[in-house]
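Take a look at the structure set out below.
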Amino acid sequence: MESLSTLAEGLKRLREFQLAECLNPERPDLKPTPAQLEVLRDESPFVAVLGGNRAGKSQLGARIVTWFFNENHPHLSRPPQWGTGPITILVIGRVGEQIESELFAKKIKPLLIEGTYTVHRLGGVLQRVIHQNGNRMLFFSHHNVNEAREKLQAYTAAVVWLDEMADSASFINELRVRLVTTNGKLVATFTPLIRSEEVRRIIDGLAAPHGRKHVISMLDNPLIANDPARLREVIDSFKDMSDAERRTRLYGDWYIGDNAVYEFRPDKHVAHEPDYSHGWRHVVSVDPAMSGKTGLSIWAENPLTQVWWCVKAVYIDKVLSPQDLVERVEKVTARYNVVRRVADPHEVWFITAAQVGTPNCPKRTFVGVYKKHDRKNEMIKALQTALTSGQVKIMDGDETADLRNEFLNCQWSETADNKIVGASKYHLLDTAMYFVDLKPKPTEPQSVNTVERMEQELRQANKERRVRDHKRKVRIARTRKGWLR
């Protein structure tokens with residue numbers, strides 16, 4: 001009996017040792033690949049792990065948080081900012097069912113030693129797990145980003161694991177704030193589907209010592225990489241996919257999605273134009289809305305390359321009066337050398353108000369798009385062609401962020417043919433289509449000296465215009481007060 005007891009105790013100790021060291025408790029004999037080991041040893045405050053399905057990215061996230069939960073991380077020491085007391089770990093998944101059945105039941109729980117923790121639920125929903133050492137692991141869903149942000153604001157954490165990337169850059173920044181005072185660690189594991197250009201920029205911009213991006217292939221999963229037959233089976237299963245989707249599934253490349261209306265590649269279609277000048281030819285494109293949310297984009301032509309750049313794309317909110325909207329549009333666009341203005345012809349009230357002008361805004365002529373409803377698909381294809389050919393580009397920066405996100409988020413419906421999901425909300429995309437449809441003919445290529453001379457002339461003309469506008473406003477103000485008769 002004593003020998004059996006000793007054997008049982010030895011097996012228990014062996015199991016505990018294996019759980020403390022292994023990556024996957026189902027196969028404790030398998031060692032992490034070099035790529036996975038880099039993730040596990042990364043000391044960065046923000047560790048992002050991109051990979052396709054079955055790449056093992058969520059298993060890496062679970063392994064990291066359970067090491068900190070158990071206080072037995074073999075590669076990283078406990079930062080002094082955490083003190084000596086219990087720590088808080090936040091685990092944030094897409095939806096509640098996925099958190100319970102996938103993250104906790106399949107990934108986290110098997111790495112914990114029975115009897116060392118207690119599980120707390122509310123109404124049958126997993127809330128927290130408390131370790132006997134005092135450490136606690138709290139679970140949240142980020143399906144509703146705004147609701148999740150409000151709940152998380154109450155916590156200061158040592159470790160945060162975000163599984164499946166949220167669509168909001170501000171939500172990611174909120175998680176980073178939860179870790180500021182503790183010098184904590186944020187681990188993000190996700191399939192690299194581009195839902196937000198701002199999120200992609202955060203991830204791709206990670207650099208030492210503040211963060212690091214890891215891209216792991218499905219072939220980095222030991223369960224697949226160490227089994228030649230299984231490896232061939234996986235590769236063959238992807239042969240009918242598009243090259244873009246296959247590269248995402250296998251190698252962790254960024255991917256837009258099968259139902260994307262536009263093939264928008266930030267690495268190809270977004271850049272910075274260092275020579276940009278307000279003196280270039282500009283086109284203003286407006287998509288007014290009776291709801292009060294008007295889309296406005298400004299496009300500038302480089303006279304040397306004839307490439308048109310979107311230099312600004314913004315929304316004008318809560319302006320319902322046609323005259324007020326005309327004045328707001330004029331205020332936003334006044335400093336640019338505007339040679340053409342285009343707008344949605346359906347909104348006659350805006351075009352008419354612009355033609356009449358206001359006391360604070362001169363008369364402006366907006367060209368309407370021809371039969372826009374009948375030519376919707378034609379205009380979509382024209383915008384895509386302009387992007388693909390390099391005729392138009394989007395300037396990098398905050399002033400075009402909303403347009404870039406609309407390119408990425410615009411999707412065809414899965415249930416209705418030729419229908420865009422939430423089409424009425426993409427006002428900036430509409431302005432881009434209007435611009436491409438009505439952009440002026442290219443200018444003749446100019447020499448650098450000619451361009452500089454043109455810019456000087458435009459700056460002088462603009463200076464004279466501003467003096468005239470000031471005198472006109474003074475004269476109007478005096479007339480209203482009865483000073484001039």
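All residue names refer to the structure tokens as shown: chains lettered A, B, ... in order, residues numbered from 1 in each chain, ligands numbered from 1 in order.
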- Query: Any idea what's packed within 8 Å of A:Met433, counting only C-alpha atoms, ignoring anything in its chain fewer than 3 positions away? Could you give it as number ranges by chain?
  - Reply: A: 379-380, 382-383, 429-430, 436-437
- Message: For the structure I just gave you, how does DSSP split stretch 67-274 of chain A - specifically, which residues are strand (DSSP E)? Reply as a PyMOL selection string.
- Response: chain A and resi 88-93+117-122+125-131+136-141+159-163+185-190+211-216+270-271
- Item | Selection: 12 Å around A:Leu60, only C-alpha atoms, excl. self and same-chain fewer than 6 positions, as a PyMOL selection string | chain A and resi 22-24+32-33+35-42+47-51+54+66-67+103+107-108+111+161-163+187-190+214+216+220-221
Residues within 10 Å of stretch 340-356 of chain A, please, as an mmCIF file with N, CA and C atoms, in the first residue's frame. Count only C-alpha atoms; anything in the same chain fewer than 3 positions from it doesn't count.
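Contents of the output file result39.cif:
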data_model
loop_
_atom_site.group_PDB
_atom_site.id
_atom_site.type_symbol
_atom_site.label_atom_id
_atom_site.label_comp_id
_atom_site.auth_asym_id
_atom_site.auth_seq_id
_atom_site.Cartn_x
_atom_site.Cartn_y
_atom_site.Cartn_z
ATOM 1 N N ARG A 281 -3.686 71.364 -57.564
ATOM 2 C CA ARG A 281 -5.110 71.337 -57.895
ATOM 3 C C ARG A 281 -5.838 70.415 -56.916
ATOM 4 N N HIS A 282 -6.944 70.898 -56.395
ATOM 5 C CA HIS A 282 -7.727 70.109 -55.431
ATOM 6 C C HIS A 282 -9.169 69.963 -55.919
ATOM 7 N N VAL A 283 -9.750 68.835 -55.573
ATOM 8 C CA VAL A 283 -11.172 68.587 -55.812
ATOM 9 C C VAL A 283 -11.827 68.299 -54.469
ATOM 10 N N VAL A 284 -12.950 68.964 -54.218
ATOM 11 C CA VAL A 284 -13.734 68.741 -53.007
ATOM 12 C C VAL A 284 -14.935 67.892 -53.371
ATOM 13 N N SER A 285 -15.127 66.799 -52.645
ATOM 14 C CA SER A 285 -16.242 65.895 -52.903
ATOM 15 C C SER A 285 -17.091 65.779 -51.641
ATOM 16 N N VAL A 286 -18.403 66.000 -51.792
ATOM 17 C CA VAL A 286 -19.304 66.065 -50.639
ATOM 18 C C VAL A 286 -20.468 65.103 -50.824
ATOM 19 N N ASP A 287 -20.792 64.384 -49.759
ATOM 20 C CA ASP A 287 -21.982 63.533 -49.744
ATOM 21 C C ASP A 287 -22.878 63.991 -48.603
ATOM 22 N N PRO A 288 -23.755 64.975 -48.873
ATOM 23 C CA PRO A 288 -24.619 65.492 -47.805
ATOM 24 C C PRO A 288 -25.651 64.441 -47.390
ATOM 25 N N ALA A 289 -26.125 64.573 -46.163
ATOM 26 C CA ALA A 289 -27.147 63.652 -45.669
ATOM 27 C C ALA A 289 -28.160 64.432 -44.841
ATOM 28 N N MET A 290 -29.441 64.123 -45.062
ATOM 29 C CA MET A 290 -30.485 64.783 -44.296
ATOM 30 C C MET A 290 -30.388 64.452 -42.813
ATOM 31 N N GLY A 295 -20.417 63.493 -45.385
ATOM 32 C CA GLY A 295 -19.059 63.071 -45.697
ATOM 33 C C GLY A 295 -18.395 64.073 -46.617
ATOM 34 N N LEU A 296 -17.127 64.353 -46.348
ATOM 35 C CA LEU A 296 -16.374 65.309 -47.163
ATOM 36 C C LEU A 296 -14.946 64.798 -47.357
ATOM 37 N N ILE A 298 -11.174 65.578 -49.657
ATOM 38 C CA ILE A 298 -10.421 66.540 -50.463
ATOM 39 C C ILE A 298 -9.294 65.782 -51.144
ATOM 40 N N SER A 321 -29.044 72.693 -41.177
ATOM 41 C CA SER A 321 -29.390 73.816 -42.034
ATOM 42 C C SER A 321 -28.529 73.797 -43.294
ATOM 43 N N PRO A 322 -29.143 73.892 -44.493
ATOM 44 C CA PRO A 322 -28.348 73.917 -45.739
ATOM 45 C C PRO A 322 -27.316 75.038 -45.747
ATOM 46 N N GLN A 323 -27.712 76.243 -45.284
ATOM 47 C CA GLN A 323 -26.783 77.371 -45.277
ATOM 48 C C GLN A 323 -25.617 77.124 -44.324
ATOM 49 N N ASP A 324 -25.924 76.575 -43.153
ATOM 50 C CA ASP A 324 -24.853 76.282 -42.192
ATOM 51 C C ASP A 324 -23.894 75.230 -42.731
ATOM 52 N N LEU A 325 -24.447 74.227 -43.422
ATOM 53 C CA LEU A 325 -23.597 73.176 -43.979
ATOM 54 C C LEU A 325 -22.688 73.737 -45.069
ATOM 55 N N VAL A 326 -23.237 74.594 -45.920
ATOM 56 C CA VAL A 326 -22.420 75.219 -46.965
ATOM 57 C C VAL A 326 -21.264 75.994 -46.337
ATOM 58 N N GLU A 327 -21.533 76.710 -45.275
ATOM 59 C CA GLU A 327 -20.493 77.492 -44.613
ATOM 60 C C GLU A 327 -19.446 76.590 -43.959
ATOM 61 N N VAL A 329 -18.597 73.533 -44.940
ATOM 62 C CA VAL A 329 -17.797 72.966 -46.024
ATOM 63 C C VAL A 329 -16.781 73.992 -46.516
ATOM 64 N N GLU A 330 -17.221 75.230 -46.650
ATOM 65 C CA GLU A 330 -16.309 76.289 -47.101
ATOM 66 C C GLU A 330 -15.189 76.506 -46.090
ATOM 67 N N ASN A 337 -6.434 75.055 -52.928
ATOM 68 C CA ASN A 337 -6.635 75.552 -54.289
ATOM 69 C C ASN A 337 -7.645 74.641 -54.982
ATOM 70 N N PRO A 359 -24.159 85.073 -46.548
ATOM 71 C CA PRO A 359 -23.381 86.287 -46.236
ATOM 72 C C PRO A 359 -21.924 85.995 -45.901
ATOM 73 N N CYS A 361 -20.260 83.187 -47.088
ATOM 74 C CA CYS A 361 -19.692 82.225 -48.035
ATOM 75 C C CYS A 361 -20.071 82.630 -49.459
ATOM 76 N N PRO A 362 -19.099 82.712 -50.362
ATOM 77 C CA PRO A 362 -19.417 83.057 -51.746
ATOM 78 C C PRO A 362 -20.184 81.940 -52.442
ATOM 79 N N LYS A 363 -20.752 82.245 -53.585
ATOM 80 C CA LYS A 363 -21.469 81.237 -54.361
ATOM 81 C C LYS A 363 -20.505 80.159 -54.844
ATOM 82 N N ARG A 364 -20.930 78.905 -54.718
ATOM 83 C CA ARG A 364 -20.116 77.789 -55.152
ATOM 84 C C ARG A 364 -20.941 76.865 -56.044
ATOM 85 N N THR A 365 -20.308 76.333 -57.074
ATOM 86 C CA THR A 365 -20.984 75.413 -57.990
ATOM 87 C C THR A 365 -20.485 73.996 -57.742
ATOM 88 N N PHE A 366 -21.398 73.109 -57.398
ATOM 89 C CA PHE A 366 -21.077 71.699 -57.206
ATOM 90 C C PHE A 366 -21.628 70.897 -58.379
ATOM 91 N N VAL A 367 -20.774 70.085 -58.988
ATOM 92 C CA VAL A 367 -21.169 69.240 -60.099
ATOM 93 C C VAL A 367 -21.764 67.949 -59.557
ATOM 94 N N GLY A 368 -22.928 67.570 -60.081
ATOM 95 C CA GLY A 368 -23.575 66.349 -59.622
ATOM 96 C C GLY A 368 -23.149 65.129 -60.424
ATOM 97 N N VAL A 369 -23.185 63.958 -59.791
ATOM 98 C CA VAL A 369 -22.814 62.704 -60.447
ATOM 99 C C VAL A 369 -23.971 62.222 -61.321
ATOM 100 N N TYR A 370 -23.679 61.775 -62.517
ATOM 101 C CA TYR A 370 -24.703 61.354 -63.462
ATOM 102 C C TYR A 370 -25.256 59.977 -63.094
ATOM 103 N N LYS A 371 -26.562 59.902 -62.875
ATOM 104 C CA LYS A 371 -27.273 58.640 -62.627
ATOM 105 C C LYS A 371 -26.507 57.729 -61.658
ATOM 106 N N LYS A 372 -26.244 58.247 -60.486
ATOM 107 C CA LYS A 372 -25.401 57.497 -59.543
ATOM 108 C C LYS A 372 -26.046 56.190 -59.099
ATOM 109 N N HIS A 373 -27.363 56.149 -58.958
ATOM 110 C CA HIS A 373 -28.025 54.925 -58.498
ATOM 111 C C HIS A 373 -27.950 53.825 -59.558
ATOM 112 N N ASP A 430 -18.565 57.051 -50.600
ATOM 113 C CA ASP A 430 -19.355 57.662 -51.668
ATOM 114 C C ASP A 430 -18.643 58.884 -52.238
ATOM 115 N N THR A 431 -18.048 59.700 -51.364
ATOM 116 C CA THR A 431 -17.332 60.874 -51.878
ATOM 117 C C THR A 431 -16.137 60.454 -52.736
ATOM 118 N N TYR A 434 -17.552 59.576 -56.132
ATOM 119 C CA TYR A 434 -17.913 60.792 -56.858
ATOM 120 C C TYR A 434 -16.668 61.459 -57.440
ATOM 121 N N PHE A 435 -15.603 61.505 -56.631
ATOM 122 C CA PHE A 435 -14.379 62.153 -57.095
ATOM 123 C C PHE A 435 -13.807 61.438 -58.319
ATOM 124 N N ASP A 437 -15.264 59.591 -60.434
ATOM 125 C CA ASP A 437 -16.168 59.726 -61.571
ATOM 126 C C ASP A 437 -16.038 61.089 -62.248
ATOM 127 N N LEU A 438 -15.682 62.129 -61.478
ATOM 128 C CA LEU A 438 -15.708 63.491 -62.014
ATOM 129 C C LEU A 438 -14.372 64.223 -61.890
ATOM 130 N N LYS A 439 -13.299 63.505 -61.639
ATOM 131 C CA LYS A 439 -12.016 64.196 -61.479
ATOM 132 C C LYS A 439 -11.603 64.848 -62.797
ATOM 133 N N PRO A 440 -10.911 65.983 -62.728
ATOM 134 C CA PRO A 440 -10.492 66.686 -63.942
ATOM 135 C C PRO A 440 -9.488 65.862 -64.749
#
- Nearest to A:Asp227 by atom-to-atom distance, counting only C-alpha atoms, from A:Ser291, A:Leu30, A:Asn418, A:Arg78: A:Leu30
- Would you work out the distance separating atom CA of A:Ser217 from atom CA of A:Asn173, expressed in Å to one decimal?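 Between atom CA of A:Ser217 and atom CA of A:Asn173 the gap is 26.7 Å.
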- Message: Given only C-alpha atoms as the basis, pick out the residue of A:Arg27, A:Arg201, A:Arg468, A:Lys419 nearest to A:Asn259.
- Response: A:Lys419
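Of the residues under consideration (A:Pro222, A:Tyr315, A:Asp258, A:Asp240), A:Pro222 shows the shortest atom-to-atom contact distance to A:Pro34 when counting only C-alpha atoms.
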Identify, on the basis of only C-alpha atoms, every residue whose closest approach to A:Val311 does not exceed 12 Å; exclude the query and any residue fewer than 6 positions from it along the same chain; express the result as a PDB file with N, CA and C atoms, in the first residue's frame.
ATOM      1  N   VAL A 270      -1.813  53.220 -49.329  1.00  0.00           N
ATOM      2  CA  VAL A 270      -1.637  54.306 -48.360  1.00  0.00           C
ATOM      3  C   VAL A 270      -0.159  54.654 -48.284  1.00  0.00           C
ATOM      4  N   ALA A 271       0.140  55.936 -48.340  1.00  0.00           N
ATOM      5  CA  ALA A 271       1.539  56.366 -48.279  1.00  0.00           C
ATOM      6  C   ALA A 271       1.587  57.817 -47.825  1.00  0.00           C
ATOM      7  N   HIS A 272       2.792  58.345 -47.763  1.00  0.00           N
ATOM      8  CA  HIS A 272       2.985  59.762 -47.423  1.00  0.00           C
ATOM      9  C   HIS A 272       3.611  60.462 -48.618  1.00  0.00           C
ATOM     10  N   GLU A 273       3.047  61.590 -49.001  1.00  0.00           N
ATOM     11  CA  GLU A 273       3.563  62.384 -50.112  1.00  0.00           C
ATOM     12  C   GLU A 273       4.301  63.590 -49.545  1.00  0.00           C
ATOM     13  N   PRO A 274       5.632  63.526 -49.474  1.00  0.00           N
ATOM     14  CA  PRO A 274       6.393  64.597 -48.802  1.00  0.00           C
ATOM     15  C   PRO A 274       6.338  65.937 -49.520  1.00  0.00           C
ATOM     16  N   TYR A 276       3.714  67.295 -50.942  1.00  0.00           N
ATOM     17  CA  TYR A 276       2.350  67.837 -51.039  1.00  0.00           C
ATOM     18  C   TYR A 276       2.302  69.330 -50.732  1.00  0.00           C
ATOM     19  N   SER A 277       1.499  70.032 -51.509  1.00  0.00           N
ATOM     20  CA  SER A 277       1.331  71.476 -51.330  1.00  0.00           C
ATOM     21  C   SER A 277      -0.135  71.852 -51.481  1.00  0.00           C
ATOM     22  N   HIS A 278      -0.577  72.819 -50.685  1.00  0.00           N
ATOM     23  CA  HIS A 278      -1.943  73.334 -50.830  1.00  0.00           C
ATOM     24  C   HIS A 278      -2.145  74.019 -52.173  1.00  0.00           C
ATOM     25  N   TRP A 280      -1.404  72.694 -55.054  1.00  0.00           N
ATOM     26  CA  TRP A 280      -1.789  71.751 -56.094  1.00  0.00           C
ATOM     27  C   TRP A 280      -3.278  71.900 -56.417  1.00  0.00           C
ATOM     28  N   ARG A 281      -3.686  71.364 -57.564  1.00  0.00           N
ATOM     29  CA  ARG A 281      -5.110  71.337 -57.895  1.00  0.00           C
ATOM     30  C   ARG A 281      -5.838  70.415 -56.916  1.00  0.00           C
ATOM     31  N   HIS A 282      -6.944  70.898 -56.395  1.00  0.00           N
ATOM     32  CA  HIS A 282      -7.727  70.109 -55.431  1.00  0.00           C
ATOM     33  C   HIS A 282      -9.169  69.963 -55.919  1.00  0.00           C
ATOM     34  N   VAL A 283      -9.750  68.835 -55.573  1.00  0.00           N
ATOM     35  CA  VAL A 283     -11.172  68.587 -55.812  1.00  0.00           C
ATOM     36  C   VAL A 283     -11.827  68.299 -54.469  1.00  0.00           C
ATOM     37  N   VAL A 284     -12.950  68.964 -54.218  1.00  0.00           N
ATOM     38  CA  VAL A 284     -13.734  68.741 -53.007  1.00  0.00           C
ATOM     39  C   VAL A 284     -14.935  67.892 -53.371  1.00  0.00           C
ATOM     40  N   SER A 285     -15.127  66.799 -52.645  1.00  0.00           N
ATOM     41  CA  SER A 285     -16.242  65.895 -52.903  1.00  0.00           C
ATOM     42  C   SER A 285     -17.091  65.779 -51.641  1.00  0.00           C
ATOM     43  N   LEU A 296     -17.127  64.353 -46.348  1.00  0.00           N
ATOM     44  CA  LEU A 296     -16.374  65.309 -47.163  1.00  0.00           C
ATOM     45  C   LEU A 296     -14.946  64.798 -47.357  1.00  0.00           C
ATOM     46  N   SER A 297     -14.508  64.756 -48.594  1.00  0.00           N
ATOM     47  CA  SER A 297     -13.121  64.381 -48.869  1.00  0.00           C
ATOM     48  C   SER A 297     -12.491  65.399 -49.805  1.00  0.00           C
ATOM     49  N   ILE A 298     -11.174  65.578 -49.657  1.00  0.00           N
ATOM     50  CA  ILE A 298     -10.421  66.540 -50.463  1.00  0.00           C
ATOM     51  C   ILE A 298      -9.294  65.782 -51.144  1.00  0.00           C
ATOM     52  N   TRP A 299      -9.170  65.984 -52.454  1.00  0.00           N
ATOM     53  CA  TRP A 299      -8.205  65.259 -53.269  1.00  0.00           C
ATOM     54  C   TRP A 299      -7.279  66.249 -53.968  1.00  0.00           C
ATOM     55  N   ALA A 300      -5.990  65.917 -54.008  1.00  0.00           N
ATOM     56  CA  ALA A 300      -4.994  66.818 -54.583  1.00  0.00           C
ATOM     57  C   ALA A 300      -4.177  66.081 -55.638  1.00  0.00           C
ATOM     58  N   GLU A 301      -3.914  66.764 -56.752  1.00  0.00           N
ATOM     59  CA  GLU A 301      -3.144  66.158 -57.841  1.00  0.00           C
ATOM     60  C   GLU A 301      -1.689  66.606 -57.794  1.00  0.00           C
ATOM     61  N   ASN A 302      -0.790  65.627 -57.735  1.00  0.00           N
ATOM     62  CA  ASN A 302       0.631  65.935 -57.851  1.00  0.00           C
ATOM     63  C   ASN A 302       0.912  66.302 -59.305  1.00  0.00           C
ATOM     64  N   THR A 333     -12.552  73.781 -46.414  1.00  0.00           N
ATOM     65  CA  THR A 333     -11.832  73.705 -47.689  1.00  0.00           C
ATOM     66  C   THR A 333     -11.211  75.025 -48.125  1.00  0.00           C
ATOM     67  N   TYR A 336      -7.433  75.488 -49.477  1.00  0.00           N
ATOM     68  CA  TYR A 336      -6.957  74.678 -50.587  1.00  0.00           C
ATOM     69  C   TYR A 336      -7.236  75.352 -51.930  1.00  0.00           C
ATOM     70  N   VAL A 392      -4.939  56.895 -57.893  1.00  0.00           N
ATOM     71  CA  VAL A 392      -5.281  57.580 -56.651  1.00  0.00           C
ATOM     72  C   VAL A 392      -4.621  56.848 -55.492  1.00  0.00           C
ATOM     73  N   LYS A 393      -4.265  57.603 -54.477  1.00  0.00           N
ATOM     74  CA  LYS A 393      -3.686  57.062 -53.261  1.00  0.00           C
ATOM     75  C   LYS A 393      -4.272  57.801 -52.061  1.00  0.00           C
ATOM     76  N   ILE A 394      -4.148  57.185 -50.901  1.00  0.00           N
ATOM     77  CA  ILE A 394      -4.653  57.780 -49.672  1.00  0.00           C
ATOM     78  C   ILE A 394      -3.461  58.247 -48.844  1.00  0.00           C
ATOM     79  N   MET A 395      -3.478  59.504 -48.452  1.00  0.00           N
ATOM     80  CA  MET A 395      -2.399  60.033 -47.621  1.00  0.00           C
ATOM     81  C   MET A 395      -2.472  59.409 -46.231  1.00  0.00           C
ATOM     82  N   ASP A 396      -1.330  58.982 -45.734  1.00  0.00           N
ATOM     83  CA  ASP A 396      -1.279  58.417 -44.396  1.00  0.00           C
ATOM     84  C   ASP A 396      -1.512  59.509 -43.360  1.00  0.00           C
ATOM     85  N   GLY A 397      -2.128  59.160 -42.240  1.00  0.00           N
ATOM     86  CA  GLY A 397      -2.344  60.140 -41.181  1.00  0.00           C
ATOM     87  C   GLY A 397      -3.755  60.115 -40.645  1.00  0.00           C
ATOM     88  N   ASP A 398      -3.958  60.849 -39.566  1.00  0.00           N
ATOM     89  CA  ASP A 398      -5.255  60.850 -38.878  1.00  0.00           C
ATOM     90  C   ASP A 398      -6.378  61.440 -39.733  1.00  0.00           C
ATOM     91  N   GLU A 399      -6.063  62.350 -40.631  1.00  0.00           N
ATOM     92  CA  GLU A 399      -7.114  63.048 -41.371  1.00  0.00           C
ATOM     93  C   GLU A 399      -7.766  62.175 -42.443  1.00  0.00           C
ATOM     94  N   THR A 400      -7.214  60.989 -42.705  1.00  0.00           N
ATOM     95  CA  THR A 400      -7.837  60.076 -43.662  1.00  0.00           C
ATOM     96  C   THR A 400      -8.182  58.732 -43.023  1.00  0.00           C
ATOM     97  N   ALA A 401      -8.075  58.643 -41.706  1.00  0.00           N
ATOM     98  CA  ALA A 401      -8.276  57.359 -41.019  1.00  0.00           C
ATOM     99  C   ALA A 401      -9.681  56.807 -41.229  1.00  0.00           C
ATOM    100  N   LEU A 403     -11.749  57.198 -43.742  1.00  0.00           N
ATOM    101  CA  LEU A 403     -11.912  56.659 -45.097  1.00  0.00           C
ATOM    102  C   LEU A 403     -11.217  55.313 -45.223  1.00  0.00           C
ATOM    103  N   ARG A 404     -10.045  55.186 -44.666  1.00  0.00           N
ATOM    104  CA  ARG A 404      -9.324  53.909 -44.741  1.00  0.00           C
ATOM    105  C   ARG A 404     -10.119  52.803 -44.038  1.00  0.00           C
ATOM    106  N   ALA A 432     -15.499  59.345 -52.375  1.00  0.00           N
ATOM    107  CA  ALA A 432     -14.371  58.860 -53.181  1.00  0.00           C
ATOM    108  C   ALA A 432     -14.848  58.422 -54.560  1.00  0.00           C
TER     109      ALA A 432
END
- Query: Which distance in Å separates atom CA of A:Arg459 and atom CA of A:Leu428, to one decimal?
  - Reply: 28.9 Å
- Can you pull out every residue within 7 Å of A:Ser196, counting only C-alpha atoms, but drop anything in the same chain fewer than 4 positions away, and send it as a ChimeraX atom specification? /A:167-168,200,405,408
- Query: Can you tell me, as an MDAnalysis selection string, what residues are no more than 8 Å from A:Val129 when counting only C-alpha atoms, ignoring any on the same chain fewer than 4 positions away?
  - Reply: chainID A and resid 117:120 136:138
- Between A:Leu186, A:Ala313, A:Ile224, A:Ala169, which has the minimum distance to A:His427 (counting only C-alpha atoms)? A:Ala313
- Would you give me, as a ChimeraX atom specification, the residues in stretch 20-149 of chain A that DSSP reads as helix (DSSP H, G or I)? /A:20-21,34-41,57-70,80-82,96-111,145-149
